[in-house]
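So the structure is just underneath, and the comments pick up after that.
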Amino acid sequence: MAACVPTVDAEEACALLSSSTHHYLDVRMWEDFDKGHVAGARNVPYYLSVTPHGKEKNPQFVEQVSALYAKDQNLIGCRSGIRSKLATADLVNAGFTNVRNLQGGYLSLLRSAN
């Protein structure tokens, strides 16, 4: 059964992050994270590689996130919101509570800052 994916917009995300009640987990690949990310964000890639032949999902994604964070109060983001929705669903299915997908991803935060 698919998990319900709780989602917030950029404005709500900024409020959660500024109140220090949530941590920002960036699920983009390392090279994308290195090009720019939210201050204080941690990076656990949801995909290890993306090629014309397909996407290789990180088989240790949930375990790696569990090693960094408790199972509550995480805000999940990617570039545009697609990967983060999948990642949030996986974490909800793994027992994480109070996680939120950032609708529109990192790009929406950049747009809201302008």
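Identifiers in the structure tokens: chain A, B, ... in order shown; residue index from 1 per chain; ligand index from 1 in order shown.
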
Requested in this report: Identify, with DSSP run on backbone atoms, the residues in region 27-97 of chain A assigned to strand (DSSP E), and express the list as a PyMOL selection string.
Outcome: chain A and resi 42-43+47-51+54-57+72-77+97

All heavy atoms of the current selection, written as a compact mmCIF listing (two decimals), in the first residue's frame:
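Output contents, as saved in part.txt:
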```txt
# COMPACT_ATOMS: atom_id res chain seq x y z
N ARG A 42 21.62 18.15 4.94
CA ARG A 42 22.39 16.92 4.85
C ARG A 42 21.98 16.25 3.55
O ARG A 42 20.85 16.39 3.09
CB ARG A 42 22.08 15.98 6.03
CG ARG A 42 22.34 16.57 7.38
CD ARG A 42 23.81 16.80 7.73
NE ARG A 42 24.58 15.60 7.90
CZ ARG A 42 24.75 14.95 9.04
NH1 ARG A 42 24.17 15.38 10.15
NH2 ARG A 42 25.51 13.87 9.09
N ASN A 43 22.90 15.50 2.94
CA ASN A 43 22.64 14.89 1.65
C ASN A 43 22.71 13.37 1.73
O ASN A 43 23.71 12.81 2.14
CB ASN A 43 23.69 15.40 0.64
CG ASN A 43 23.52 14.84 -0.75
OD1 ASN A 43 24.49 14.39 -1.35
ND2 ASN A 43 22.34 14.86 -1.30
N TYR A 47 18.80 8.45 -5.59
CA TYR A 47 19.35 7.70 -6.72
C TYR A 47 20.86 7.81 -6.69
O TYR A 47 21.42 8.87 -6.42
CB TYR A 47 18.85 8.25 -8.06
CG TYR A 47 17.38 8.04 -8.31
CD1 TYR A 47 16.55 9.12 -8.56
CD2 TYR A 47 16.82 6.77 -8.31
CE1 TYR A 47 15.19 8.94 -8.80
CE2 TYR A 47 15.46 6.59 -8.55
CZ TYR A 47 14.66 7.67 -8.79
OH TYR A 47 13.32 7.49 -9.02
N LEU A 48 21.55 6.69 -7.01
CA LEU A 48 23.00 6.71 -7.09
C LEU A 48 23.46 7.15 -8.48
O LEU A 48 24.51 7.75 -8.62
CB LEU A 48 23.57 5.32 -6.77
CG LEU A 48 23.29 4.84 -5.34
CD1 LEU A 48 23.86 3.44 -5.15
CD2 LEU A 48 23.88 5.80 -4.32
N SER A 49 22.64 6.83 -9.49
CA SER A 49 22.98 7.28 -10.84
C SER A 49 21.71 7.37 -11.67
O SER A 49 20.73 6.68 -11.41
CB SER A 49 23.97 6.32 -11.51
OG SER A 49 23.38 5.07 -11.76
N VAL A 50 21.76 8.25 -12.64
CA VAL A 50 20.68 8.40 -13.60
C VAL A 50 21.33 8.42 -14.98
O VAL A 50 22.17 9.26 -15.27
CB VAL A 50 19.89 9.71 -13.36
CG1 VAL A 50 18.83 9.89 -14.43
CG2 VAL A 50 19.28 9.73 -11.98
N THR A 51 20.95 7.44 -15.79
CA THR A 51 21.52 7.33 -17.13
C THR A 51 20.37 7.20 -18.13
O THR A 51 19.22 7.01 -17.73
CB THR A 51 22.42 6.07 -17.24
OG1 THR A 51 21.59 4.91 -17.16
CG2 THR A 51 23.48 6.05 -16.14
N GLY A 54 18.28 4.20 -17.38
CA GLY A 54 17.45 4.10 -16.18
C GLY A 54 18.09 4.73 -14.96
O GLY A 54 19.15 5.35 -15.04
N LYS A 55 17.41 4.57 -13.84
CA LYS A 55 17.85 5.16 -12.58
C LYS A 55 18.21 4.04 -11.61
O LYS A 55 17.48 3.07 -11.49
CB LYS A 55 16.74 6.01 -11.98
CG LYS A 55 16.33 7.15 -12.87
CD LYS A 55 15.11 7.85 -12.34
CE LYS A 55 14.70 8.96 -13.31
NZ LYS A 55 13.41 9.52 -13.00
N GLU A 56 19.34 4.20 -10.94
CA GLU A 56 19.76 3.23 -9.93
C GLU A 56 19.44 3.80 -8.55
O GLU A 56 20.06 4.76 -8.10
CB GLU A 56 21.26 2.94 -10.04
CG GLU A 56 21.73 1.94 -9.01
CD GLU A 56 23.25 1.81 -8.96
OE1 GLU A 56 23.95 2.46 -9.75
OE2 GLU A 56 23.73 1.08 -8.07
N LYS A 57 18.44 3.21 -7.90
CA LYS A 57 18.03 3.67 -6.58
C LYS A 57 19.09 3.28 -5.55
O LYS A 57 19.70 2.22 -5.64
CB LYS A 57 16.68 3.05 -6.23
CG LYS A 57 16.11 3.55 -4.93
CD LYS A 57 14.74 2.94 -4.67
CE LYS A 57 14.29 3.27 -3.27
NZ LYS A 57 13.07 2.55 -2.91
N ASP A 72 11.54 11.39 13.12
CA ASP A 72 10.56 12.48 13.08
C ASP A 72 11.24 13.78 12.66
O ASP A 72 12.44 13.90 12.68
CB ASP A 72 9.85 12.64 14.44
CG ASP A 72 10.83 12.97 15.56
OD1 ASP A 72 12.05 13.05 15.32
OD2 ASP A 72 10.37 13.13 16.69
N GLN A 73 10.43 14.71 12.25
CA GLN A 73 10.87 16.07 11.96
C GLN A 73 11.92 16.21 10.88
O GLN A 73 12.97 16.82 11.08
CB GLN A 73 11.34 16.75 13.25
CG GLN A 73 10.24 16.82 14.28
CD GLN A 73 10.66 17.49 15.55
OE1 GLN A 73 11.80 17.40 15.94
NE2 GLN A 73 9.74 18.17 16.18
N ASN A 74 11.65 15.66 9.73
CA ASN A 74 12.53 15.84 8.59
C ASN A 74 11.77 16.46 7.43
O ASN A 74 10.62 16.12 7.18
CB ASN A 74 13.12 14.50 8.13
CG ASN A 74 14.09 13.97 9.13
OD1 ASN A 74 15.18 14.50 9.27
ND2 ASN A 74 13.71 12.93 9.85
N LEU A 75 12.42 17.36 6.74
CA LEU A 75 11.87 17.97 5.54
C LEU A 75 12.70 17.45 4.37
O LEU A 75 13.93 17.57 4.38
CB LEU A 75 11.98 19.48 5.63
CG LEU A 75 11.45 20.26 4.45
CD1 LEU A 75 9.95 20.06 4.32
CD2 LEU A 75 11.76 21.73 4.61
N ILE A 76 12.06 16.83 3.40
CA ILE A 76 12.76 16.17 2.31
C ILE A 76 12.68 17.04 1.06
O ILE A 76 11.60 17.49 0.68
CB ILE A 76 12.12 14.81 1.99
CG1 ILE A 76 11.80 14.01 3.26
CG2 ILE A 76 12.99 14.01 1.03
CD1 ILE A 76 12.97 13.70 4.14
N GLY A 77 13.81 17.25 0.42
CA GLY A 77 13.83 18.06 -0.79
C GLY A 77 14.74 17.49 -1.85
O GLY A 77 15.71 16.80 -1.55
N THR A 97 7.94 9.51 11.01
CA THR A 97 6.74 10.31 11.27
C THR A 97 7.10 11.78 11.13
O THR A 97 8.25 12.17 11.27
CB THR A 97 6.21 10.06 12.69
OG1 THR A 97 7.24 10.38 13.63
CG2 THR A 97 5.79 8.61 12.88
```

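Shell of Ala94 (chain A) at 10 Å, with only C-alpha atoms counted and residues fewer than 4 places along the chain excluded, is Ala3, Val62, Glu63, Ser66, Lys71, Thr88, Ala89 and Asp90 of chain A.
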
Restrict the calculation to only C-alpha atoms, then for each residue of region 33-64 of chain A with any atom at most 12 Å from an atom of region 98-111 of chain A give the closest atom pair and their distance in Å to one decimal, rows by chain and rising residue number, as CSV.
```
residue,atom,partner,partner_atom,distance
A:Phe33,CA,A:Tyr106,CA,10.0
A:Lys35,CA,A:Tyr106,CA,11.7
A:Gly36,CA,A:Tyr106,CA,9.2
A:His37,CA,A:Tyr106,CA,7.4
A:Val38,CA,A:Tyr106,CA,7.7
A:Ala39,CA,A:Tyr106,CA,11.5
A:Ala41,CA,A:Tyr106,CA,11.0
```

Query raised in the report: Any idea what the distance is between CA of Val65 (chain A) and CA of Ala15 (chain A)?
Result: 22.4 Å

**Report entry** Backbone DSSP call of helix (DSSP H, G or I) for chain A, listed as an NGL selection string
**Finding:** :A and (10-18 or 30-35 or 61-68 or 82-93 or 105-113)

Query raised in the report: Which one of A:Cys14, A:Cys78, A:Leu86, A:Val8 sits closest to Val44 (chain A) if you count only C-alpha atoms?
Result: A:Cys78
